[in-house]
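Structure below is upload22.cif: mmCIF, N, CA and C atoms.
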```
data_run
loop_
_atom_site.label_atom_id
_atom_site.label_comp_id
_atom_site.auth_asym_id
_atom_site.auth_seq_id
_atom_site.Cartn_x
_atom_site.Cartn_y
_atom_site.Cartn_z
N MET A 1 3.89 10.08 10.48
CA MET A 1 3.76 10.16 9.04
C MET A 1 3.34 11.56 8.65
N ASN A 2 3.87 12.02 7.55
CA ASN A 2 3.40 13.28 7.00
C ASN A 2 2.14 13.00 6.18
N HIS A 3 2.09 13.46 4.98
CA HIS A 3 0.93 13.23 4.13
C HIS A 3 1.06 11.87 3.45
N LEU A 4 0.20 10.96 3.80
CA LEU A 4 0.20 9.60 3.28
C LEU A 4 -0.79 9.51 2.13
N ILE A 5 -0.39 8.88 1.04
CA ILE A 5 -1.28 8.68 -0.10
C ILE A 5 -1.52 7.19 -0.27
N ILE A 6 -2.80 6.82 -0.30
CA ILE A 6 -3.22 5.43 -0.41
C ILE A 6 -4.07 5.29 -1.66
N VAL A 7 -3.82 4.24 -2.43
CA VAL A 7 -4.65 3.91 -3.59
C VAL A 7 -5.32 2.57 -3.31
N ILE A 8 -6.62 2.53 -3.55
CA ILE A 8 -7.38 1.28 -3.42
C ILE A 8 -7.86 0.91 -4.82
N ILE A 9 -7.47 -0.29 -5.28
CA ILE A 9 -7.86 -0.76 -6.61
C ILE A 9 -8.71 -2.02 -6.43
N ASP A 10 -9.99 -1.90 -6.77
CA ASP A 10 -10.93 -3.01 -6.64
C ASP A 10 -12.10 -2.74 -7.58
N ASP A 11 -12.53 -3.74 -8.31
CA ASP A 11 -13.62 -3.54 -9.27
C ASP A 11 -15.00 -3.44 -8.60
N GLU A 12 -15.10 -3.79 -7.35
CA GLU A 12 -16.39 -3.75 -6.66
C GLU A 12 -16.50 -2.50 -5.78
N PRO A 13 -17.45 -1.60 -6.10
CA PRO A 13 -17.59 -0.34 -5.35
C PRO A 13 -17.78 -0.56 -3.84
N LYS A 14 -18.54 -1.55 -3.45
CA LYS A 14 -18.77 -1.80 -2.02
C LYS A 14 -17.46 -2.14 -1.31
N ASN A 15 -16.61 -2.93 -1.94
CA ASN A 15 -15.32 -3.30 -1.35
C ASN A 15 -14.42 -2.08 -1.20
N ARG A 16 -14.39 -1.21 -2.22
CA ARG A 16 -13.58 0.01 -2.14
C ARG A 16 -14.05 0.90 -1.00
N GLU A 17 -15.34 1.12 -0.92
CA GLU A 17 -15.89 2.01 0.11
C GLU A 17 -15.71 1.43 1.52
N THR A 18 -15.88 0.12 1.65
CA THR A 18 -15.71 -0.52 2.97
C THR A 18 -14.27 -0.39 3.44
N LEU A 19 -13.32 -0.66 2.56
CA LEU A 19 -11.91 -0.55 2.92
C LEU A 19 -11.56 0.90 3.25
N LYS A 20 -12.06 1.82 2.47
CA LYS A 20 -11.83 3.24 2.75
C LYS A 20 -12.36 3.62 4.13
N ALA A 21 -13.55 3.16 4.48
CA ALA A 21 -14.13 3.47 5.79
C ALA A 21 -13.30 2.86 6.92
N TYR A 22 -12.84 1.62 6.73
CA TYR A 22 -11.96 0.98 7.73
C TYR A 22 -10.69 1.81 7.94
N ILE A 23 -10.07 2.22 6.86
CA ILE A 23 -8.82 2.98 6.96
C ILE A 23 -9.06 4.29 7.70
N HIS A 24 -10.15 4.96 7.39
CA HIS A 24 -10.46 6.22 8.08
C HIS A 24 -10.61 6.00 9.58
N ARG A 25 -11.16 4.87 9.97
CA ARG A 25 -11.33 4.59 11.40
C ARG A 25 -10.03 4.15 12.07
N LEU A 26 -9.16 3.49 11.34
CA LEU A 26 -7.99 2.86 11.96
C LEU A 26 -6.69 3.65 11.89
N LEU A 27 -6.55 4.51 10.91
CA LEU A 27 -5.28 5.23 10.79
C LEU A 27 -5.12 6.23 11.92
N PRO A 28 -3.96 6.24 12.55
CA PRO A 28 -3.72 7.14 13.68
C PRO A 28 -3.41 8.57 13.28
N ILE A 29 -3.53 8.90 12.03
CA ILE A 29 -3.21 10.25 11.56
C ILE A 29 -4.40 10.81 10.78
N ASN A 30 -4.42 12.09 10.62
CA ASN A 30 -5.47 12.72 9.84
C ASN A 30 -4.98 13.20 8.48
N SER A 31 -3.70 13.13 8.26
CA SER A 31 -3.13 13.67 7.04
C SER A 31 -2.90 12.56 6.01
N PHE A 32 -3.98 12.14 5.38
CA PHE A 32 -3.83 11.16 4.32
C PHE A 32 -4.92 11.36 3.28
N GLU A 33 -4.64 10.83 2.10
CA GLU A 33 -5.58 10.93 0.99
C GLU A 33 -5.77 9.53 0.43
N ILE A 34 -7.02 9.18 0.12
CA ILE A 34 -7.33 7.88 -0.45
C ILE A 34 -7.89 8.09 -1.85
N ILE A 35 -7.29 7.40 -2.81
CA ILE A 35 -7.75 7.45 -4.19
C ILE A 35 -8.36 6.10 -4.51
N LEU A 36 -9.59 6.11 -5.02
CA LEU A 36 -10.30 4.88 -5.34
C LEU A 36 -10.25 4.61 -6.84
N CYS A 37 -9.91 3.37 -7.20
CA CYS A 37 -9.81 2.98 -8.61
C CYS A 37 -10.59 1.69 -8.83
N ASN A 38 -11.22 1.58 -10.01
CA ASN A 38 -12.06 0.41 -10.27
C ASN A 38 -11.43 -0.61 -11.22
N SER A 39 -10.18 -0.40 -11.62
CA SER A 39 -9.52 -1.33 -12.53
C SER A 39 -8.01 -1.17 -12.45
N VAL A 40 -7.31 -2.12 -13.05
CA VAL A 40 -5.85 -2.02 -13.12
C VAL A 40 -5.47 -0.78 -13.93
N LYS A 41 -6.18 -0.51 -15.02
CA LYS A 41 -5.88 0.64 -15.86
C LYS A 41 -5.97 1.95 -15.07
N THR A 42 -7.06 2.14 -14.34
CA THR A 42 -7.20 3.39 -13.56
C THR A 42 -6.23 3.38 -12.38
N GLY A 43 -5.88 2.20 -11.89
CA GLY A 43 -4.88 2.09 -10.82
C GLY A 43 -3.50 2.53 -11.28
N VAL A 44 -3.11 2.12 -12.48
CA VAL A 44 -1.82 2.54 -13.05
C VAL A 44 -1.79 4.06 -13.19
N GLU A 45 -2.88 4.63 -13.70
CA GLU A 45 -2.95 6.09 -13.85
C GLU A 45 -2.83 6.79 -12.50
N ALA A 46 -3.52 6.27 -11.49
CA ALA A 46 -3.46 6.88 -10.15
C ALA A 46 -2.06 6.78 -9.56
N ILE A 47 -1.40 5.65 -9.74
CA ILE A 47 -0.05 5.47 -9.22
C ILE A 47 0.91 6.45 -9.90
N GLU A 48 0.77 6.60 -11.20
CA GLU A 48 1.63 7.54 -11.93
C GLU A 48 1.37 8.99 -11.52
N ASN A 49 0.11 9.33 -11.29
CA ASN A 49 -0.26 10.72 -10.97
C ASN A 49 -0.05 11.10 -9.51
N TYR A 50 -0.31 10.18 -8.59
CA TYR A 50 -0.29 10.51 -7.16
C TYR A 50 0.93 10.00 -6.41
N LEU A 51 1.69 9.07 -6.99
CA LEU A 51 2.86 8.48 -6.35
C LEU A 51 2.53 8.02 -4.92
N PRO A 52 1.68 7.02 -4.78
CA PRO A 52 1.21 6.61 -3.45
C PRO A 52 2.31 5.95 -2.61
N ASP A 53 2.03 5.92 -1.32
CA ASP A 53 2.90 5.21 -0.38
C ASP A 53 2.44 3.76 -0.22
N LEU A 54 1.13 3.56 -0.33
CA LEU A 54 0.53 2.26 -0.06
C LEU A 54 -0.59 2.01 -1.05
N VAL A 55 -0.61 0.80 -1.63
CA VAL A 55 -1.64 0.41 -2.58
C VAL A 55 -2.32 -0.86 -2.09
N PHE A 56 -3.65 -0.81 -2.00
CA PHE A 56 -4.45 -2.00 -1.71
C PHE A 56 -4.98 -2.49 -3.05
N LEU A 57 -4.68 -3.73 -3.40
CA LEU A 57 -4.93 -4.23 -4.75
C LEU A 57 -5.70 -5.55 -4.73
N ASP A 58 -6.85 -5.54 -5.40
CA ASP A 58 -7.60 -6.77 -5.62
C ASP A 58 -6.89 -7.55 -6.72
N ILE A 59 -7.07 -8.84 -6.76
CA ILE A 59 -6.40 -9.65 -7.78
C ILE A 59 -7.35 -10.01 -8.92
N GLU A 60 -8.48 -10.61 -8.61
CA GLU A 60 -9.43 -11.02 -9.65
C GLU A 60 -10.34 -9.87 -10.02
N MET A 61 -10.08 -9.30 -11.20
CA MET A 61 -10.92 -8.22 -11.73
C MET A 61 -11.21 -8.53 -13.19
N PRO A 62 -12.34 -8.04 -13.72
CA PRO A 62 -12.76 -8.43 -15.07
C PRO A 62 -11.79 -8.06 -16.19
N GLU A 63 -11.30 -6.84 -16.23
CA GLU A 63 -10.48 -6.40 -17.35
C GLU A 63 -9.05 -6.92 -17.31
N ALA A 64 -8.47 -6.97 -16.11
CA ALA A 64 -7.08 -7.44 -15.96
C ALA A 64 -6.86 -7.94 -14.55
N ASN A 65 -6.05 -8.96 -14.43
CA ASN A 65 -5.66 -9.50 -13.15
C ASN A 65 -4.79 -8.48 -12.43
N GLY A 66 -4.91 -8.38 -11.11
CA GLY A 66 -4.14 -7.41 -10.33
C GLY A 66 -2.63 -7.50 -10.55
N PHE A 67 -2.13 -8.69 -10.85
CA PHE A 67 -0.69 -8.85 -11.07
C PHE A 67 -0.22 -8.11 -12.33
N GLU A 68 -1.15 -7.83 -13.25
CA GLU A 68 -0.81 -7.09 -14.47
C GLU A 68 -0.34 -5.67 -14.15
N LEU A 69 -0.76 -5.15 -13.02
CA LEU A 69 -0.38 -3.80 -12.61
C LEU A 69 1.13 -3.62 -12.62
N PHE A 70 1.86 -4.65 -12.21
CA PHE A 70 3.31 -4.54 -12.03
C PHE A 70 4.08 -4.53 -13.34
N LYS A 71 3.39 -4.77 -14.46
CA LYS A 71 4.03 -4.64 -15.77
C LYS A 71 4.09 -3.18 -16.19
N ASN A 72 3.33 -2.32 -15.49
CA ASN A 72 3.18 -0.94 -15.91
C ASN A 72 3.63 0.10 -14.90
N VAL A 73 4.03 -0.31 -13.71
CA VAL A 73 4.46 0.64 -12.68
C VAL A 73 5.73 0.15 -12.01
N ASN A 74 6.43 1.08 -11.37
CA ASN A 74 7.63 0.74 -10.61
C ASN A 74 7.21 0.36 -9.20
N LYS A 75 7.22 -0.88 -8.89
CA LYS A 75 6.76 -1.41 -7.60
C LYS A 75 7.64 -0.93 -6.45
N GLU A 76 8.83 -0.48 -6.75
CA GLU A 76 9.76 -0.05 -5.71
C GLU A 76 9.36 1.26 -5.05
N THR A 77 8.39 1.97 -5.62
CA THR A 77 8.02 3.28 -5.10
C THR A 77 6.88 3.23 -4.08
N PHE A 78 6.28 2.07 -3.86
CA PHE A 78 5.16 1.93 -2.92
C PHE A 78 5.11 0.51 -2.37
N GLU A 79 4.37 0.35 -1.30
CA GLU A 79 4.10 -0.98 -0.74
C GLU A 79 2.73 -1.41 -1.23
N VAL A 80 2.57 -2.71 -1.43
CA VAL A 80 1.28 -3.24 -1.89
C VAL A 80 0.73 -4.24 -0.89
N VAL A 81 -0.56 -4.12 -0.65
CA VAL A 81 -1.30 -5.08 0.17
C VAL A 81 -2.38 -5.67 -0.73
N PHE A 82 -2.33 -6.97 -0.94
CA PHE A 82 -3.36 -7.60 -1.76
C PHE A 82 -4.61 -7.80 -0.92
N THR A 83 -5.75 -7.50 -1.53
CA THR A 83 -7.06 -7.69 -0.89
C THR A 83 -7.87 -8.56 -1.84
N THR A 84 -8.05 -9.82 -1.49
CA THR A 84 -8.67 -10.76 -2.41
C THR A 84 -9.46 -11.82 -1.66
N ALA A 85 -10.36 -12.46 -2.37
CA ALA A 85 -11.14 -13.55 -1.80
C ALA A 85 -10.47 -14.90 -2.05
N TYR A 86 -9.30 -14.88 -2.70
CA TYR A 86 -8.65 -16.11 -3.13
C TYR A 86 -7.32 -16.34 -2.43
N ALA A 87 -7.25 -17.39 -1.66
CA ALA A 87 -6.03 -17.71 -0.91
C ALA A 87 -4.93 -18.28 -1.79
N GLN A 88 -5.27 -18.80 -2.96
CA GLN A 88 -4.27 -19.46 -3.79
C GLN A 88 -3.22 -18.53 -4.38
N TYR A 89 -3.40 -17.22 -4.26
CA TYR A 89 -2.43 -16.27 -4.81
C TYR A 89 -1.37 -15.83 -3.80
N ILE A 90 -1.44 -16.34 -2.60
CA ILE A 90 -0.53 -15.83 -1.55
C ILE A 90 0.94 -16.11 -1.89
N GLU A 91 1.23 -17.29 -2.40
CA GLU A 91 2.63 -17.62 -2.70
C GLU A 91 3.20 -16.70 -3.77
N LYS A 92 2.46 -16.47 -4.83
CA LYS A 92 2.92 -15.56 -5.89
C LYS A 92 3.04 -14.14 -5.35
N SER A 93 2.10 -13.73 -4.52
CA SER A 93 2.12 -12.38 -3.95
C SER A 93 3.36 -12.14 -3.11
N VAL A 94 3.71 -13.13 -2.32
CA VAL A 94 4.87 -12.99 -1.43
C VAL A 94 6.18 -13.23 -2.17
N ASN A 95 6.27 -14.33 -2.88
CA ASN A 95 7.54 -14.74 -3.48
C ASN A 95 7.91 -14.01 -4.76
N GLU A 96 6.93 -13.60 -5.57
CA GLU A 96 7.24 -12.93 -6.83
C GLU A 96 7.09 -11.41 -6.74
N VAL A 97 6.08 -10.94 -6.03
CA VAL A 97 5.83 -9.51 -5.95
C VAL A 97 6.48 -8.89 -4.72
N GLY A 98 6.57 -9.66 -3.64
CA GLY A 98 7.11 -9.13 -2.40
C GLY A 98 6.14 -8.19 -1.72
N CYS A 99 4.92 -8.64 -1.58
CA CYS A 99 3.88 -7.77 -1.03
C CYS A 99 4.12 -7.46 0.45
N PHE A 100 3.56 -6.34 0.87
CA PHE A 100 3.66 -5.91 2.27
C PHE A 100 2.62 -6.63 3.13
N GLY A 101 1.52 -7.01 2.50
CA GLY A 101 0.46 -7.70 3.22
C GLY A 101 -0.49 -8.40 2.30
N TYR A 102 -1.31 -9.28 2.88
CA TYR A 102 -2.27 -10.06 2.11
C TYR A 102 -3.50 -10.22 2.98
N LEU A 103 -4.61 -9.62 2.54
CA LEU A 103 -5.85 -9.68 3.31
C LEU A 103 -6.91 -10.44 2.52
N LEU A 104 -7.49 -11.44 3.16
CA LEU A 104 -8.58 -12.16 2.53
C LEU A 104 -9.90 -11.44 2.79
N LYS A 105 -10.75 -11.40 1.76
CA LYS A 105 -12.08 -10.80 1.90
C LYS A 105 -13.03 -11.83 2.48
N PRO A 106 -13.96 -11.41 3.28
CA PRO A 106 -14.17 -10.05 3.75
C PRO A 106 -13.05 -9.63 4.71
N ILE A 107 -12.60 -8.41 4.57
CA ILE A 107 -11.47 -7.91 5.35
C ILE A 107 -11.88 -7.73 6.81
N GLU A 108 -11.02 -8.23 7.67
CA GLU A 108 -11.24 -8.10 9.11
C GLU A 108 -10.46 -6.89 9.61
N GLY A 109 -11.15 -6.04 10.39
CA GLY A 109 -10.55 -4.81 10.88
C GLY A 109 -9.28 -5.01 11.67
N ASP A 110 -9.22 -6.07 12.50
CA ASP A 110 -8.02 -6.28 13.32
C ASP A 110 -6.81 -6.64 12.46
N LYS A 111 -7.02 -7.37 11.37
CA LYS A 111 -5.91 -7.72 10.48
C LYS A 111 -5.44 -6.50 9.69
N LEU A 112 -6.38 -5.68 9.26
CA LEU A 112 -6.03 -4.44 8.57
C LEU A 112 -5.26 -3.52 9.52
N LYS A 113 -5.69 -3.44 10.75
CA LYS A 113 -5.02 -2.59 11.75
C LYS A 113 -3.57 -3.02 11.92
N LYS A 114 -3.32 -4.31 11.98
CA LYS A 114 -1.94 -4.81 12.13
C LYS A 114 -1.07 -4.37 10.95
N ILE A 115 -1.62 -4.43 9.75
CA ILE A 115 -0.87 -4.01 8.57
C ILE A 115 -0.61 -2.51 8.61
N LEU A 116 -1.62 -1.72 8.96
CA LEU A 116 -1.44 -0.26 9.04
C LEU A 116 -0.44 0.12 10.13
N ASP A 117 -0.50 -0.57 11.26
CA ASP A 117 0.46 -0.31 12.34
C ASP A 117 1.89 -0.64 11.89
N ARG A 118 2.04 -1.75 11.21
CA ARG A 118 3.35 -2.16 10.72
C ARG A 118 3.87 -1.17 9.67
N PHE A 119 2.98 -0.69 8.81
CA PHE A 119 3.37 0.29 7.81
C PHE A 119 3.78 1.60 8.47
N ASN A 120 3.02 2.03 9.45
CA ASN A 120 3.35 3.25 10.20
C ASN A 120 4.72 3.12 10.85
N GLU A 121 5.00 1.97 11.43
CA GLU A 121 6.29 1.74 12.06
C GLU A 121 7.42 1.78 11.03
N LYS A 122 7.19 1.18 9.87
CA LYS A 122 8.21 1.17 8.82
C LYS A 122 8.51 2.59 8.35
N VAL A 123 7.47 3.37 8.11
CA VAL A 123 7.66 4.75 7.64
C VAL A 123 8.36 5.58 8.70
N THR A 124 7.97 5.42 9.95
CA THR A 124 8.59 6.16 11.04
C THR A 124 10.07 5.81 11.15
N ASN A 125 10.40 4.53 11.10
CA ASN A 125 11.80 4.11 11.17
C ASN A 125 12.61 4.61 9.98
N LYS A 126 12.01 4.61 8.81
CA LYS A 126 12.70 5.07 7.60
C LYS A 126 13.02 6.56 7.71
N ARG A 127 12.06 7.34 8.18
CA ARG A 127 12.30 8.78 8.34
C ARG A 127 13.36 9.05 9.40
N TYR A 128 13.33 8.29 10.49
CA TYR A 128 14.32 8.45 11.54
C TYR A 128 15.71 8.14 10.99
N PHE A 129 15.81 7.06 10.22
CA PHE A 129 17.08 6.65 9.66
C PHE A 129 17.63 7.73 8.74
N LYS A 130 16.78 8.31 7.88
CA LYS A 130 17.22 9.39 6.99
C LYS A 130 17.69 10.60 7.79
N PHE A 131 16.92 10.98 8.81
CA PHE A 131 17.28 12.11 9.65
C PHE A 131 18.60 11.85 10.36
N PHE A 132 18.75 10.64 10.92
CA PHE A 132 19.96 10.28 11.64
C PHE A 132 21.17 10.36 10.72
N ASN A 133 21.06 9.84 9.51
CA ASN A 133 22.18 9.87 8.57
C ASN A 133 22.52 11.29 8.14
N LYS A 134 21.51 12.14 7.92
CA LYS A 134 21.78 13.53 7.55
C LYS A 134 22.50 14.24 8.68
N THR A 135 22.05 14.04 9.91
CA THR A 135 22.67 14.67 11.07
C THR A 135 24.10 14.18 11.23
N LYS A 136 24.32 12.90 11.05
CA LYS A 136 25.64 12.31 11.19
C LYS A 136 26.59 12.87 10.13
N ASN A 137 26.11 13.00 8.89
CA ASN A 137 26.95 13.51 7.80
C ASN A 137 27.30 14.97 8.01
N ARG A 138 26.41 15.76 8.59
CA ARG A 138 26.69 17.16 8.86
C ARG A 138 27.73 17.34 9.95
N SER A 139 27.84 16.34 10.80
CA SER A 139 28.79 16.47 11.90
C SER A 139 30.22 16.14 11.45
N GLY A 140 30.36 15.79 10.19
CA GLY A 140 31.72 15.49 9.68
C GLY A 140 32.09 14.04 9.81
N LEU A 141 31.24 13.23 10.39
CA LEU A 141 31.52 11.82 10.50
C LEU A 141 31.20 11.13 9.19
N ALA A 142 31.99 10.18 8.83
CA ALA A 142 31.74 9.44 7.59
C ALA A 142 30.56 8.49 7.82
N PRO A 143 29.70 8.35 6.80
CA PRO A 143 28.61 7.38 6.93
C PRO A 143 29.17 5.96 6.96
N TYR A 144 28.50 5.10 7.64
CA TYR A 144 29.00 3.73 7.71
C TYR A 144 28.32 2.83 6.74
#
```

Can I see the file as structure tokens?
Amino acid sequence: MNHLIIVIIDDEPKNRETLKAYIHRLLPINSFEIILCNSVKTGVEAIENYLPDLVFLDIEMPEANGFELFKNVNKETFEVVFTTAYAQYIEKSVNEVGCFGYLLKPIEGDKLKKILDRFNEKVTNKRYFKFFNKTKNRSGLAPY
């Protein structure tokens, strides 16, 4: 991965800081930036300003439900991992939003690691595919 941008949206400061500390311990790279947001409103602003690769999003927050975020941003530009204490949102998260992951609080490090590893693999494969197609097109071969 090159420079990875992560946004964490959670109304509870302790949850934001704990997740940030976990990510710092688990990510296999040093080139990443984490932006912390305390609401859907500040999360939308961060997504617009920083164009993140990965967003960790709480669902139950006082001002707006986490699902409200998707009314204001293009979900196709990043992957979302829901971080919530409520299991009842998993079906909506998967079937309507198409989330990359779903972590129940308190977050377990081994489950977070699996999601980060899977994300790293996805990004690596995507970059390889782009490189492979560019190389193939330069050689005069038609893309398939």

Original post:
Tell me, which residues of chain A carry DSSP strand (DSSP E or B), written as a PyMOL selection string?
Top reply: chain A and resi 4-9+32-37+54-57+79-84+101-104

Original post:
Pick from A:Leu112, A:Val97, A:Ala85, A:Leu4: nearest to Ile59 (chain A), with only N, CA and C atoms counted?
Top reply: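 Closest to Ile59 (chain A) of all the choices is A:Ala85.
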
Original post:
Quick one, how far is atom N of Lys71 (chain A) from atom C of Ile115 (chain A)?
Top reply: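 Atom C of Ile115 (chain A) lies 23.5 Å from atom N of Lys71 (chain A).
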
Original post:
So how many Å separate atom N of Val123 (chain A) and atom N of Phe78 (chain A), to one decimal?
Top reply: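 Distance between the two atoms: 12.1 Å.
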
Subject >> Between atom C of Arg16 (chain A) and atom C of Phe119 (chain A), distance in Å (one decimal) >> reply: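 So the answer is 20.2 Å.
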
**OP:** Would you mind writing down, as a count of residues only, each residue of region 3-79 of chain A that DSSP on the backbone assigns to alpha helix (DSSP H)?
**Re:** 25

Original post:
Between A:Phe67, A:Leu116, A:Lys126, A:Ile8, which one has atoms that come closest to Val94 (chain A), using only C-alpha atoms?
Top reply: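 Of A:Phe67, A:Leu116, A:Lys126, A:Ile8, the one nearest Val94 (chain A), counting only C-alpha atoms, is A:Phe67.
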
**OP:** Tell me which of A:Asp58, A:Glu68, A:Glu17, A:Glu79 sits closest to Lys41 (chain A), counting all atoms listed in the file.
**Re:**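 The answer is A:Glu68, which sits nearest to Lys41 (chain A).
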
Original post:
What do you get, as a list in words, if you spell out every residue that the PyMOL selection byres ((chain A and resi 9-14) around 8) selects here?
Top reply: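 When the PyMOL selection byres ((chain A and resi 9-14) around 8) is applied to the shown file, the picked residues are Ile6, Val7, Ile8, Asn15, Arg16, Glu17, Thr18, Leu19, Lys20, Ile35, Leu36, Cys37, Asn38, Ser39, Val40, Thr42, Gly43, Val55, Phe56, Leu57, Asp58, Ile59, Glu60, Met61, Pro62 and Thr83 of chain A.
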
**OP:** Quick one: everything within 5 Å of Val80 (chain A), counting only N, CA and C atoms, minus sequence neighbours fewer than 5 positions away in the same chain. Send it as a ChimeraX atom specification.
**Re:** /A:55,99-101

**OP:** Within 8 Å of Leu51 (chain A), counting only C-alpha atoms, which residues show up once you throw out same-chain ones fewer than 4 positions away? Write them as number ranges by chain, please.
**Re:** A: 5, 46-47, 77-78

**OP:** Within 8 Å of (5.6, 3.6, -16.1) (coordinates as in the file), grab all the protein and nucleic acid residues, counting all atoms listed in the file, and write them out as a list in words.
**Re:**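 The residues near that point, listed by chain and number, are Val44, Glu48, Lys71, Asn72, Val73 and Asn74 of chain A.
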
Padding 4 Å on every side, please: axis-aligned box over the listed atoms of region 23-37 of chain A, centre and edge lengths to one decimal in Å, as JSON.
```
{"center_x": -7.1, "center_y": 7.7, "center_z": 2.4, "size_x": 16.4, "size_y": 20.0, "size_z": 30.5}
```
